[in-house]
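Data block for structure-v2.txt (compact mmCIF, C-alpha atoms and all ligand atoms):
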# COMPACT_ATOMS: atom_id res chain seq x y z
CA MET A 634 176.21 -48.06 -73.74
CA TYR A 635 177.31 -48.80 -77.30
CA VAL A 636 178.44 -45.66 -79.15
CA LEU A 637 178.82 -45.56 -82.93
CA GLY A 638 181.56 -43.14 -84.00
CA ILE A 639 181.84 -41.74 -87.53
CA GLU A 640 184.92 -39.84 -88.81
CA SER A 641 185.35 -38.25 -92.27
CA SER A 642 187.17 -34.95 -91.69
CA CYS A 643 190.09 -35.51 -94.07
CA ASP A 644 191.34 -38.56 -95.97
CA GLU A 645 190.27 -41.40 -93.71
CA THR A 646 186.71 -42.73 -93.53
CA SER A 647 186.24 -44.47 -90.23
CA ALA A 648 183.45 -46.11 -88.25
CA ALA A 649 183.85 -47.50 -84.75
CA VAL A 650 181.83 -49.08 -81.98
CA ALA A 651 182.85 -48.32 -78.40
CA GLU A 652 181.32 -49.84 -75.29
CA LEU A 653 181.39 -47.13 -72.67
CA ASP A 654 179.88 -47.14 -69.21
CA GLY A 655 181.20 -45.47 -66.10
CA GLY A 656 184.85 -46.53 -65.99
CA LYS A 657 184.52 -49.04 -68.83
CA ARG A 658 186.16 -48.03 -72.10
CA ARG A 659 186.20 -50.83 -74.66
CA ILE A 660 186.68 -50.38 -78.38
CA ALA A 661 184.63 -53.19 -79.92
CA ALA A 662 185.44 -52.22 -83.53
CA ASP A 663 187.44 -49.53 -85.30
CA ILE A 664 187.38 -49.73 -89.09
CA VAL A 665 189.49 -47.26 -91.08
CA ALA A 666 189.30 -46.93 -94.87
CA SER A 667 192.32 -44.86 -95.85
CA GLN A 668 192.38 -42.85 -99.09
CA ILE A 669 196.13 -42.27 -98.93
CA ASP A 670 196.85 -44.36 -102.03
CA VAL A 671 194.48 -42.20 -104.10
CA HIS A 672 195.79 -38.83 -102.86
CA ARG A 673 199.42 -39.96 -103.15
CA LEU A 674 199.08 -39.66 -106.94
CA TYR A 675 198.56 -35.90 -106.42
CA GLY A 676 201.09 -35.41 -103.60
CA GLY A 677 198.38 -34.25 -101.17
CA VAL A 678 194.71 -34.49 -100.28
CA VAL A 679 192.35 -33.45 -103.10
CA PRO A 680 189.16 -32.30 -101.30
CA GLU A 681 186.69 -33.28 -104.07
CA ILE A 682 188.17 -36.75 -104.36
CA ALA A 683 188.12 -37.11 -100.58
CA GLY A 684 184.40 -36.27 -100.42
CA ARG A 685 183.52 -38.77 -103.12
CA ALA A 686 185.62 -41.53 -101.54
CA HIS A 687 183.92 -40.96 -98.16
CA ILE A 688 180.51 -41.40 -99.84
CA GLU A 689 181.64 -44.68 -101.38
CA ALA A 690 183.03 -46.06 -98.09
CA VAL A 691 180.93 -44.77 -95.20
CA SER A 692 177.95 -47.11 -95.40
CA ARG A 693 180.08 -50.21 -95.99
CA ILE A 694 182.50 -49.58 -93.15
CA THR A 695 179.68 -48.75 -90.72
CA ARG A 696 178.16 -52.14 -91.52
CA GLU A 697 181.61 -53.69 -91.03
CA ALA A 698 182.05 -51.97 -87.65
CA LEU A 699 178.67 -53.26 -86.40
CA ASP A 700 179.42 -56.77 -87.66
CA THR A 701 182.91 -56.76 -86.09
CA ALA A 702 181.44 -55.62 -82.77
CA GLY A 703 178.79 -58.35 -83.09
CA ILE A 704 175.89 -55.93 -82.52
CA LYS A 705 172.90 -54.54 -84.40
CA LEU A 706 172.10 -50.90 -85.12
CA SER A 707 169.28 -51.15 -82.59
CA ASP A 708 171.90 -51.81 -79.86
CA ILE A 709 173.50 -48.40 -80.47
CA GLY A 710 172.66 -45.84 -77.78
CA LEU A 711 174.47 -42.85 -79.26
CA VAL A 712 175.84 -41.76 -82.65
CA ALA A 713 178.91 -39.46 -82.44
CA VAL A 714 180.21 -37.79 -85.57
CA THR A 715 183.11 -35.43 -86.28
CA SER A 716 181.41 -32.14 -87.22
CA HIS A 717 184.49 -29.84 -87.24
CA PRO A 718 187.22 -28.85 -88.06
CA GLY A 719 188.31 -30.32 -91.40
CA LEU A 720 187.58 -30.29 -95.12
CA ILE A 721 184.00 -29.12 -95.44
CA GLY A 722 183.02 -31.48 -98.28
CA ALA A 723 184.54 -34.43 -96.43
CA LEU A 724 182.92 -33.54 -93.08
CA LEU A 725 179.49 -33.14 -94.69
CA VAL A 726 179.49 -36.77 -95.80
CA GLY A 727 179.97 -38.10 -92.27
CA VAL A 728 177.62 -35.56 -90.70
CA ASN A 729 174.77 -36.25 -93.15
CA PHE A 730 175.25 -40.00 -92.90
CA ALA A 731 175.29 -39.94 -89.08
CA LYS A 732 172.31 -37.61 -88.98
CA SER A 733 170.22 -39.84 -91.26
CA LEU A 734 171.11 -42.92 -89.25
CA ALA A 735 170.37 -41.28 -85.90
CA VAL A 736 167.16 -39.50 -86.90
CA ALA A 737 165.71 -42.44 -88.84
CA ASN A 738 166.35 -44.83 -85.95
CA GLY A 739 165.58 -42.51 -83.04
CA ILE A 740 169.14 -42.64 -81.67
CA PRO A 741 170.63 -39.61 -79.85
CA LEU A 742 173.30 -37.74 -81.85
CA VAL A 743 176.29 -35.56 -80.91
CA GLY A 744 178.69 -33.57 -83.07
CA VAL A 745 182.33 -33.92 -82.01
CA ASP A 746 185.33 -31.60 -82.33
CA HIS A 747 188.05 -33.57 -84.16
CA VAL A 748 190.87 -32.04 -82.09
CA ARG A 749 189.18 -32.96 -78.81
CA ALA A 750 188.66 -36.46 -80.19
CA HIS A 751 192.41 -36.84 -80.82
CA ILE A 752 192.99 -36.22 -77.12
CA ALA A 753 190.23 -38.70 -76.21
CA ALA A 754 192.20 -41.42 -78.03
CA ALA A 755 194.32 -41.60 -74.86
CA TYR A 756 191.30 -42.67 -72.75
CA THR A 757 191.19 -45.92 -74.70
CA ALA A 758 194.69 -46.91 -73.60
CA TYR A 759 194.73 -45.51 -70.05
CA GLU A 760 191.65 -46.78 -68.21
CA ASP A 761 192.26 -44.54 -65.19
CA LEU A 762 193.03 -41.36 -67.17
CA GLU A 763 190.73 -38.50 -66.24
CA PRO A 764 190.89 -34.69 -66.36
CA PRO A 765 192.51 -32.44 -65.37
CA PHE A 766 195.54 -32.84 -67.60
CA LEU A 767 197.60 -31.00 -70.18
CA GLY A 768 196.53 -31.96 -73.71
CA VAL A 769 198.96 -31.55 -76.60
CA VAL A 770 197.65 -32.12 -80.13
CA LEU A 771 200.20 -32.55 -82.91
CA SER A 772 198.49 -33.28 -86.22
CA GLY A 773 198.33 -32.38 -89.88
CA GLY A 774 196.13 -29.39 -89.07
CA HIS A 775 196.92 -28.53 -85.45
CA THR A 776 199.77 -27.93 -83.03
CA SER A 777 198.08 -26.88 -79.80
CA PHE A 778 198.31 -27.04 -76.03
CA TYR A 779 195.14 -27.28 -73.91
CA ILE A 780 194.28 -27.34 -70.25
CA VAL A 781 191.70 -30.13 -70.21
CA ASP A 782 189.88 -29.50 -66.95
CA GLY A 783 186.83 -31.61 -67.70
CA TYR A 784 185.85 -34.24 -70.28
CA ALA A 785 184.17 -31.52 -72.33
CA SER A 786 186.12 -28.51 -71.06
CA PHE A 787 189.18 -27.43 -73.04
CA HIS A 788 191.13 -24.16 -72.77
CA GLU A 789 193.72 -23.49 -75.43
CA ILE A 790 196.91 -22.05 -73.93
CA GLY A 791 199.20 -22.27 -76.96
CA SER A 792 199.06 -23.05 -80.66
CA THR A 793 200.80 -22.56 -83.96
CA ARG A 794 200.34 -19.16 -85.55
CA ASP A 795 200.66 -20.55 -89.07
CA ASP A 796 201.36 -24.10 -90.31
CA ALA A 797 200.94 -27.23 -88.21
CA ALA A 798 203.78 -29.65 -87.42
CA GLY A 799 202.30 -32.33 -89.71
CA GLU A 800 202.08 -29.91 -92.65
CA ALA A 801 205.74 -29.01 -92.15
CA PHE A 802 206.82 -32.68 -92.07
CA ASP A 803 204.71 -33.45 -95.16
CA LYS A 804 206.00 -30.44 -97.12
CA ILE A 805 209.68 -31.18 -96.54
CA GLY A 806 209.11 -34.90 -97.07
CA ARG A 807 207.52 -34.15 -100.43
CA VAL A 808 210.34 -31.85 -101.55
CA ILE A 809 212.99 -34.45 -100.75
CA GLY A 810 211.04 -37.08 -102.68
CA LEU A 811 209.32 -39.07 -99.95
CA PRO A 812 205.86 -40.51 -100.65
CA TYR A 813 202.80 -38.63 -99.31
CA PRO A 814 202.19 -38.19 -96.42
CA GLY A 815 205.84 -37.59 -95.59
CA GLY A 816 205.56 -37.65 -91.78
CA ALA A 817 206.08 -41.36 -91.17
CA ALA A 818 208.86 -41.61 -93.80
CA MET A 819 210.62 -38.55 -92.29
CA ASP A 820 210.47 -40.31 -88.90
CA ARG A 821 212.28 -43.40 -90.26
CA LEU A 822 214.79 -41.38 -92.28
CA ALA A 823 215.61 -39.12 -89.32
CA ALA A 824 216.75 -42.17 -87.33
CA GLU A 825 219.59 -42.67 -89.83
CA GLY A 826 220.78 -39.07 -90.05
CA ASN A 827 223.04 -36.62 -88.25
CA PRO A 828 220.79 -34.23 -86.30
CA THR A 829 223.43 -31.47 -86.05
CA ARG A 830 224.39 -31.39 -89.75
CA TYR A 831 222.04 -28.57 -90.83
CA LYS A 832 221.26 -25.47 -88.76
CA LEU A 833 217.56 -24.65 -88.83
CA PRO A 834 215.45 -22.07 -86.93
CA SER A 835 213.32 -23.20 -84.00
CA PRO A 836 209.54 -23.29 -84.44
CA ALA A 837 209.19 -22.34 -80.73
CA LEU A 838 208.38 -18.63 -80.53
CA ALA A 839 210.66 -16.67 -78.21
CA GLY A 840 209.42 -15.31 -74.90
CA ASP A 841 206.95 -16.72 -72.42
CA THR A 842 204.32 -17.59 -75.03
CA LEU A 843 203.38 -21.24 -75.65
CA ASP A 844 202.90 -20.53 -79.35
CA PHE A 845 204.77 -21.97 -82.32
CA SER A 846 205.46 -20.87 -85.89
CA PHE A 847 206.47 -23.47 -88.46
CA SER A 848 206.55 -21.26 -91.55
CA GLY A 849 210.08 -19.94 -90.90
CA LEU A 850 211.44 -23.44 -90.34
CA LYS A 851 209.71 -24.70 -93.48
CA THR A 852 211.09 -21.84 -95.58
CA ALA A 853 214.60 -22.27 -94.17
CA ALA A 854 214.59 -25.98 -95.00
CA LEU A 855 213.25 -25.31 -98.51
CA ASN A 856 215.92 -22.63 -99.10
CA LEU A 857 218.62 -25.03 -97.95
CA ILE A 858 217.40 -27.67 -100.41
CA HIS A 859 217.03 -25.23 -103.33
CA ASN A 860 220.36 -23.47 -102.69
CA ALA A 861 222.15 -26.82 -102.64
CA ALA A 862 220.46 -27.76 -105.92
CA ASP A 863 221.54 -24.41 -107.46
CA ARG A 864 225.14 -25.22 -106.52
CA GLY A 865 224.74 -28.66 -108.06
CA GLU A 866 225.14 -30.30 -104.66
CA ALA A 867 223.00 -33.09 -103.31
CA ILE A 868 221.41 -32.62 -99.92
CA ASP A 869 221.84 -35.48 -97.46
CA ARG A 870 218.20 -36.45 -97.00
CA ALA A 871 218.70 -38.38 -93.77
CA ASP A 872 220.75 -35.56 -92.21
CA LEU A 873 218.09 -33.04 -93.22
CA ALA A 874 215.28 -35.21 -91.83
CA ALA A 875 217.25 -35.64 -88.57
CA SER A 876 218.07 -31.91 -88.28
CA PHE A 877 214.49 -30.92 -89.10
CA THR A 878 212.99 -33.39 -86.62
CA THR A 879 215.45 -32.43 -83.87
CA VAL A 880 214.62 -28.75 -84.06
CA ILE A 881 210.90 -29.64 -83.75
CA ALA A 882 211.56 -32.07 -80.88
CA GLU A 883 213.56 -29.39 -79.04
CA ALA A 884 210.79 -26.83 -79.56
CA LEU A 885 208.18 -29.26 -78.28
CA SER A 886 210.34 -30.08 -75.24
CA LYS A 887 210.84 -26.41 -74.43
CA LYS A 888 207.15 -25.46 -74.68
CA LEU A 889 206.00 -28.64 -72.92
CA GLY A 890 208.31 -27.85 -69.99
CA MET A 891 207.04 -24.25 -69.90
CA ALA A 892 203.40 -25.41 -70.01
CA LEU A 893 203.98 -27.82 -67.13
CA ASP A 894 205.67 -25.11 -65.05
CA ALA A 895 202.89 -22.63 -65.83
CA THR A 896 199.94 -24.96 -65.13
CA GLY A 897 201.30 -27.27 -62.44
CA LEU A 898 199.41 -30.15 -64.11
CA LYS A 899 200.65 -33.62 -63.25
CA THR A 900 199.46 -35.55 -66.31
CA VAL A 901 200.11 -34.95 -70.02
CA VAL A 902 198.40 -36.41 -73.09
CA VAL A 903 200.21 -36.01 -76.41
CA ALA A 904 197.97 -37.02 -79.32
CA GLY A 905 197.29 -36.58 -83.06
CA GLY A 906 198.90 -38.05 -86.17
CA VAL A 907 202.31 -36.46 -85.51
CA SER A 908 202.37 -37.89 -81.97
CA ALA A 909 203.23 -41.19 -83.68
CA ASN A 910 206.68 -39.72 -84.34
CA SER A 911 209.22 -41.80 -82.42
CA HIS A 912 211.60 -38.86 -81.85
CA LEU A 913 208.83 -36.59 -80.54
CA ARG A 914 207.50 -39.38 -78.30
CA ALA A 915 210.99 -39.83 -76.83
CA ALA A 916 211.37 -36.07 -76.33
CA ALA A 917 208.00 -35.84 -74.52
CA GLN A 918 208.94 -38.82 -72.36
CA LYS A 919 212.20 -37.12 -71.33
CA VAL A 920 210.52 -33.83 -70.38
CA CYS A 921 207.75 -35.58 -68.43
CA ALA A 922 210.25 -37.74 -66.56
CA ALA A 923 212.32 -34.66 -65.67
CA HIS A 924 209.18 -32.91 -64.37
CA GLY A 925 207.95 -36.02 -62.54
CA VAL A 926 204.65 -36.04 -64.42
CA ARG A 927 202.72 -38.86 -66.05
CA LEU A 928 202.76 -39.05 -69.86
CA CYS A 929 199.88 -40.74 -71.67
CA LEU A 930 200.50 -41.46 -75.34
CA PRO A 931 197.77 -43.13 -77.43
CA PRO A 932 198.90 -46.36 -79.10
CA LEU A 933 200.15 -45.78 -82.66
CA SER A 934 196.93 -47.21 -84.14
CA PHE A 935 194.94 -44.43 -82.44
CA CYS A 936 197.29 -41.51 -83.24
CA GLY A 937 196.03 -40.98 -86.80
CA ASP A 938 192.41 -40.28 -87.69
CA ASN A 939 189.98 -42.92 -86.43
CA ALA A 940 186.37 -43.10 -85.29
CA ALA A 941 187.08 -44.81 -81.95
CA MET A 942 188.36 -41.52 -80.57
CA VAL A 943 185.24 -39.78 -81.91
CA ALA A 944 182.97 -42.31 -80.18
CA VAL A 945 184.82 -41.85 -76.87
CA GLN A 946 184.81 -38.04 -76.93
CA GLY A 947 181.18 -38.07 -78.14
CA TYR A 948 180.20 -40.22 -75.16
CA TYR A 949 181.72 -37.73 -72.71
CA GLU A 950 180.19 -34.74 -74.50
CA TYR A 951 176.82 -36.54 -74.28
CA LEU A 952 177.28 -37.17 -70.54
CA CYS A 953 178.05 -33.46 -70.18
CA GLY A 954 174.71 -32.61 -71.82
CA ALA A 955 175.54 -32.21 -75.52
CA ARG A 956 172.73 -33.13 -77.95
CA ALA A 957 172.58 -32.50 -81.69
CA ALA A 958 169.41 -32.39 -83.77
CA SER A 959 168.66 -32.87 -87.45
CA ASP A 960 170.02 -29.37 -88.12
CA LEU A 961 173.57 -30.38 -87.07
CA ASN A 962 175.96 -28.82 -89.58
CA ALA A 963 179.59 -29.36 -90.47
CA SER A 964 182.11 -26.54 -90.11
CA ALA A 965 185.59 -26.23 -91.62
CA VAL A 966 186.92 -24.48 -88.48
O1 LIG A 1001 195.89 -36.49 -86.98
P1 LIG A 1001 196.12 -36.78 -88.41
O2 LIG A 1001 195.94 -38.21 -88.88
O3 LIG A 1001 195.21 -35.90 -89.30
C1 LIG A 1001 194.88 -34.59 -88.95
O4 LIG A 1001 193.98 -34.41 -88.10
O5 LIG A 1001 195.56 -33.69 -89.47
O6 LIG A 1001 197.58 -36.29 -88.76
C2 LIG A 1001 198.13 -36.50 -90.01
C3 LIG A 1001 199.55 -36.00 -89.99
C4 LIG A 1001 200.20 -36.00 -91.37
O7 LIG A 1001 200.81 -34.74 -91.56
C5 LIG A 1001 201.23 -37.11 -91.25
O8 LIG A 1001 202.37 -36.93 -92.07
C6 LIG A 1001 201.61 -37.01 -89.80
O9 LIG A 1001 200.37 -36.84 -89.15
N1 LIG A 1001 202.31 -38.20 -89.28
C7 LIG A 1001 203.55 -38.14 -88.79
C8 LIG A 1001 203.91 -39.47 -88.44
N2 LIG A 1001 202.85 -40.27 -88.72
C9 LIG A 1001 201.87 -39.47 -89.25
N3 LIG A 1001 204.41 -37.10 -88.64
C10 LIG A 1001 205.61 -37.37 -88.11
N4 LIG A 1001 206.02 -38.61 -87.76
C11 LIG A 1001 205.21 -39.68 -87.89
N5 LIG A 1001 205.62 -40.91 -87.52
ZN ZN A 1002 193.25 -35.77 -87.14

Would you mind giving the structure from this file in structure tokens?
Ligand code: KG4
Ligand code: ZN
Amino acid sequence: MYVLGIESSCDETSAAVAELDGGKRRIAADIVASQIDVHRLYGGVVPEIAGRAHIEAVSRITREALDTAGIKLSDIGLVAVTSHPGLIGALLVGVNFAKSLAVANGIPLVGVDHVRAHIAAAYTAYEDLEPPFLGVVLSGGHTSFYIVDGYASFHEIGSTRDDAAGEAFDKIGRVIGLPYPGGAAMDRLAAEGNPTRYKLPSPALAGDTLDFSFSGLKTAALNLIHNAADRGEAIDRADLAASFTTVIAEALSKKLGMALDATGLKTVVVAGGVSANSHLRAAAQKVCAAHGVRLCLPPLSFCGDNAAMVAVQGYYEYLCGARAASDLNASAV
């Protein structure tokens, strides 16, 4: 079956065609129109601009995805669209577009949870991957652990109580003068710095919880930067990036180890935009090797927002009985 995926939850408009049948998982097209250059001027995503840019791009890139896949709209057996969570004005563009397309052409429709879709990105790279496994989502909006015990069955066992890892990377990146979004630039800068130079608090909450809190770490890093400026001293940006990244990598390692011990799961998927971070990927690899479990990391091109992951998760939700009608709505949470 050919599945058309549509993604518009934040600052990337994406349309993809996936060919999915039984064990077959083939991404025939994945077109991403990024708005990063526009939002960079403002140092962050401007919701109204995002919504407008999605409207301008969605029809064109859907056409492009169908052409790249070499198929017609009438070949599509399912339309899958991100319906939540995300920026409401941005989500509504994708949801209304997908709804019109599906209803007008008599194609079944499913609404997809963006966080679940991030995890589904791993199915595209690991043909034999199937639940149960431990799912870890590190993104601009989420830092969460899930027991994934079925393709459409997720149980959250840990999450951040405030900011997400991506927000923390972006905030500190911005304050030290890196272009938006700061995550990827922080990753490169951290490789050149001394990770023990600055002492920062761990975002791993103490005790046997699997929860995180990034607000304390963010504030501590900001105070360090501002206090140095008050003294007329320059902060070493690479050392700060390295120290900041290391404390996050250590927190992830600790909670990942605890989650594996608690669940006994033998496979881990780490996904989401922040899972592209080379230091966090290495940390996850180390923990999984020490626990003798299999680690599945989506390829870098599928870590950030894309519609291929939406098509894949939508397909499994559909197989599990999900159906959306013309009253499908978007939801920010
Ligand atoms: O999953 P995503 O594309 O969007 C959300 O669903 O939020 O994640 C975007 C986040 C941004 O905060 C971005 O800075 C971060 O992922 N990111 C990274 C890296 N690449 C992207 N963070 C750390 N290291 C990276 N290499
Ligand atoms: Zn995302």

- Message: Set the distance at 7 Å and use all atoms listed in the file: which residues neighbour Asp644 in chain A once local chain neighbours fewer than 5 positions away are removed? I'd like the list as a PyMOL selection string.
- Response: chain A and resi 667-669+678+683

- Within-6 Å residues of ligand ZN 1002 (chain A), basis only C-alpha atoms and all ligand atoms, as a list in words: Ser772, Gly905, Gly937 and Asp938 of chain A

- One decimal, Å: what's the distance from CA of Gly947 in chain A over to CA of Ser786 in chain A, could you say?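 Rounded to one decimal, the two atoms are 12.9 Å apart.
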
Dump as CSV the rows for residues of chain A within 10 Å of ligand LIG 1001 (chain A): closest atom pair and distance in Å with one decimal, all atoms listed in the file counted, ordered by chain and rising residue number.
residue,atom,partner,partner_atom,distance
A:Ser642,CA,A:LIG1001,O4,7.7
A:Cys643,CA,A:LIG1001,O3,7.0
A:Asp644,CA,A:LIG1001,O3,8.2
A:Glu645,CA,A:LIG1001,O2,8.1
A:Gly677,CA,A:LIG1001,O7,9.9
A:Pro718,CA,A:LIG1001,O4,8.8
A:Gly719,CA,A:LIG1001,O4,7.7
A:His747,CA,A:LIG1001,O4,7.2
A:Val748,CA,A:LIG1001,O4,7.2
A:Ala750,CA,A:LIG1001,O4,9.8
A:His751,CA,A:LIG1001,O1,7.1
A:Val770,CA,A:LIG1001,O1,8.3
A:Leu771,CA,A:LIG1001,O1,7.1
A:Ser772,CA,A:LIG1001,O6,4.0
A:Gly773,CA,A:LIG1001,O5,3.1
A:Gly774,CA,A:LIG1001,O5,4.4
A:His775,CA,A:LIG1001,O5,6.7
A:Thr776,CA,A:LIG1001,O5,9.6
A:Ala797,CA,A:LIG1001,O7,8.2
A:Ala798,CA,A:LIG1001,O7,7.2
A:Gly799,CA,A:LIG1001,O7,3.4
A:Glu800,CA,A:LIG1001,O7,5.1
A:Ala801,CA,A:LIG1001,O7,7.6
A:Phe802,CA,A:LIG1001,N3,6.1
A:Asp803,CA,A:LIG1001,O8,5.2
A:Lys804,CA,A:LIG1001,O7,8.7
A:Gly806,CA,A:LIG1001,O8,8.6
A:Pro812,CA,A:LIG1001,O8,9.9
A:Tyr813,CA,A:LIG1001,O8,7.4
A:Pro814,CA,A:LIG1001,O8,4.5
A:Gly815,CA,A:LIG1001,O8,5.0
A:Gly816,CA,A:LIG1001,O8,3.3
A:Ala817,CA,A:LIG1001,N5,3.7
A:Ala818,CA,A:LIG1001,N5,7.1
A:Met819,CA,A:LIG1001,N4,6.5
A:Asp820,CA,A:LIG1001,N4,4.9
A:Arg821,CA,A:LIG1001,N5,7.6
A:Ala823,CA,A:LIG1001,N4,9.7
A:Thr878,CA,A:LIG1001,C10,8.5
A:Ala904,CA,A:LIG1001,O1,8.0
A:Gly905,CA,A:LIG1001,O1,4.2
A:Gly906,CA,A:LIG1001,O6,3.4
A:Val907,CA,A:LIG1001,N3,3.8
A:Ser908,CA,A:LIG1001,C11,6.8
A:Ala909,CA,A:LIG1001,N5,4.5
A:Asn910,CA,A:LIG1001,N5,3.6
A:Ser911,CA,A:LIG1001,N5,6.3
A:His912,CA,A:LIG1001,N4,8.1
A:Leu913,CA,A:LIG1001,N4,8.0
A:Arg914,CA,A:LIG1001,N5,9.5
A:Leu933,CA,A:LIG1001,N2,8.6
A:Phe935,CA,A:LIG1001,O2,9.0
A:Cys936,CA,A:LIG1001,O1,6.4
A:Gly937,CA,A:LIG1001,O2,3.5
A:Asp938,CA,A:LIG1001,O2,4.3
A:Asn939,CA,A:LIG1001,O2,8.0

Okay, now the selection with C-alpha atoms, as a PDB file, in the coordinates of the input?
ATOM      1  CA  SER A 642     187.170 -34.950 -91.690  1.00  0.00           C
ATOM      2  CA  CYS A 643     190.090 -35.510 -94.070  1.00  0.00           C
ATOM      3  CA  ASP A 644     191.340 -38.560 -95.970  1.00  0.00           C
ATOM      4  CA  GLU A 645     190.270 -41.400 -93.710  1.00  0.00           C
ATOM      5  CA  GLY A 677     198.380 -34.250-101.170  1.00  0.00           C
ATOM      6  CA  PRO A 718     187.220 -28.850 -88.060  1.00  0.00           C
ATOM      7  CA  GLY A 719     188.310 -30.320 -91.400  1.00  0.00           C
ATOM      8  CA  HIS A 747     188.050 -33.570 -84.160  1.00  0.00           C
ATOM      9  CA  VAL A 748     190.870 -32.040 -82.090  1.00  0.00           C
ATOM     10  CA  ALA A 750     188.660 -36.460 -80.190  1.00  0.00           C
ATOM     11  CA  HIS A 751     192.410 -36.840 -80.820  1.00  0.00           C
ATOM     12  CA  VAL A 770     197.650 -32.120 -80.130  1.00  0.00           C
ATOM     13  CA  LEU A 771     200.200 -32.550 -82.910  1.00  0.00           C
ATOM     14  CA  SER A 772     198.490 -33.280 -86.220  1.00  0.00           C
ATOM     15  CA  GLY A 773     198.330 -32.380 -89.880  1.00  0.00           C
ATOM     16  CA  GLY A 774     196.130 -29.390 -89.070  1.00  0.00           C
ATOM     17  CA  HIS A 775     196.920 -28.530 -85.450  1.00  0.00           C
ATOM     18  CA  THR A 776     199.770 -27.930 -83.030  1.00  0.00           C
ATOM     19  CA  ALA A 797     200.940 -27.230 -88.210  1.00  0.00           C
ATOM     20  CA  ALA A 798     203.780 -29.650 -87.420  1.00  0.00           C
ATOM     21  CA  GLY A 799     202.300 -32.330 -89.710  1.00  0.00           C
ATOM     22  CA  GLU A 800     202.080 -29.910 -92.650  1.00  0.00           C
ATOM     23  CA  ALA A 801     205.740 -29.010 -92.150  1.00  0.00           C
ATOM     24  CA  PHE A 802     206.820 -32.680 -92.070  1.00  0.00           C
ATOM     25  CA  ASP A 803     204.710 -33.450 -95.160  1.00  0.00           C
ATOM     26  CA  LYS A 804     206.000 -30.440 -97.120  1.00  0.00           C
ATOM     27  CA  GLY A 806     209.110 -34.900 -97.070  1.00  0.00           C
ATOM     28  CA  PRO A 812     205.860 -40.510-100.650  1.00  0.00           C
ATOM     29  CA  TYR A 813     202.800 -38.630 -99.310  1.00  0.00           C
ATOM     30  CA  PRO A 814     202.190 -38.190 -96.420  1.00  0.00           C
ATOM     31  CA  GLY A 815     205.840 -37.590 -95.590  1.00  0.00           C
ATOM     32  CA  GLY A 816     205.560 -37.650 -91.780  1.00  0.00           C
ATOM     33  CA  ALA A 817     206.080 -41.360 -91.170  1.00  0.00           C
ATOM     34  CA  ALA A 818     208.860 -41.610 -93.800  1.00  0.00           C
ATOM     35  CA  MET A 819     210.620 -38.550 -92.290  1.00  0.00           C
ATOM     36  CA  ASP A 820     210.470 -40.310 -88.900  1.00  0.00           C
ATOM     37  CA  ARG A 821     212.280 -43.400 -90.260  1.00  0.00           C
ATOM     38  CA  ALA A 823     215.610 -39.120 -89.320  1.00  0.00           C
ATOM     39  CA  THR A 878     212.990 -33.390 -86.620  1.00  0.00           C
ATOM     40  CA  ALA A 904     197.970 -37.020 -79.320  1.00  0.00           C
ATOM     41  CA  GLY A 905     197.290 -36.580 -83.060  1.00  0.00           C
ATOM     42  CA  GLY A 906     198.900 -38.050 -86.170  1.00  0.00           C
ATOM     43  CA  VAL A 907     202.310 -36.460 -85.510  1.00  0.00           C
ATOM     44  CA  SER A 908     202.370 -37.890 -81.970  1.00  0.00           C
ATOM     45  CA  ALA A 909     203.230 -41.190 -83.680  1.00  0.00           C
ATOM     46  CA  ASN A 910     206.680 -39.720 -84.340  1.00  0.00           C
ATOM     47  CA  SER A 911     209.220 -41.800 -82.420  1.00  0.00           C
ATOM     48  CA  HIS A 912     211.600 -38.860 -81.850  1.00  0.00           C
ATOM     49  CA  LEU A 913     208.830 -36.590 -80.540  1.00  0.00           C
ATOM     50  CA  ARG A 914     207.500 -39.380 -78.300  1.00  0.00           C
ATOM     51  CA  LEU A 933     200.150 -45.780 -82.660  1.00  0.00           C
ATOM     52  CA  PHE A 935     194.940 -44.430 -82.440  1.00  0.00           C
ATOM     53  CA  CYS A 936     197.290 -41.510 -83.240  1.00  0.00           C
ATOM     54  CA  GLY A 937     196.030 -40.980 -86.800  1.00  0.00           C
ATOM     55  CA  ASP A 938     192.410 -40.280 -87.690  1.00  0.00           C
ATOM     56  CA  ASN A 939     189.980 -42.920 -86.430  1.00  0.00           C
TER      57      ASN A 939
END

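With only C-alpha atoms as the atoms that count, the minimum distance from Gly791 in chain A to the choices A:Thr852, A:Lys888, A:Ala648, A:Ala753 is reached by A:Lys888.
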
- Which of these residues is nearest to Gly638 in chain A, using all atoms listed in the file: A:Ala875, A:Ala854, A:Met891, A:Val714? A:Val714

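When all atoms listed in the file are used to measure the gap to Thr695 in chain A, the shortest distance among A:Pro680, A:Leu720, A:Ala957, A:Leu637 belongs to A:Leu637.
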
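If you count all atoms listed in the file and ignore residues fewer than 2 places along the chain from Gly768 in chain A, what sits within 8 Å of it is A:Ile752, A:Phe766, A:Val770, A:Phe778, A:Tyr779, A:Ile780, A:Val781, A:Val901, A:Val902, A:Val903, A:Ala904.
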
- Have a look at CA of Ala963 in chain A and CA of Leu742 in chain A and let me know their distance in Å, one decimal. 13.6 Å
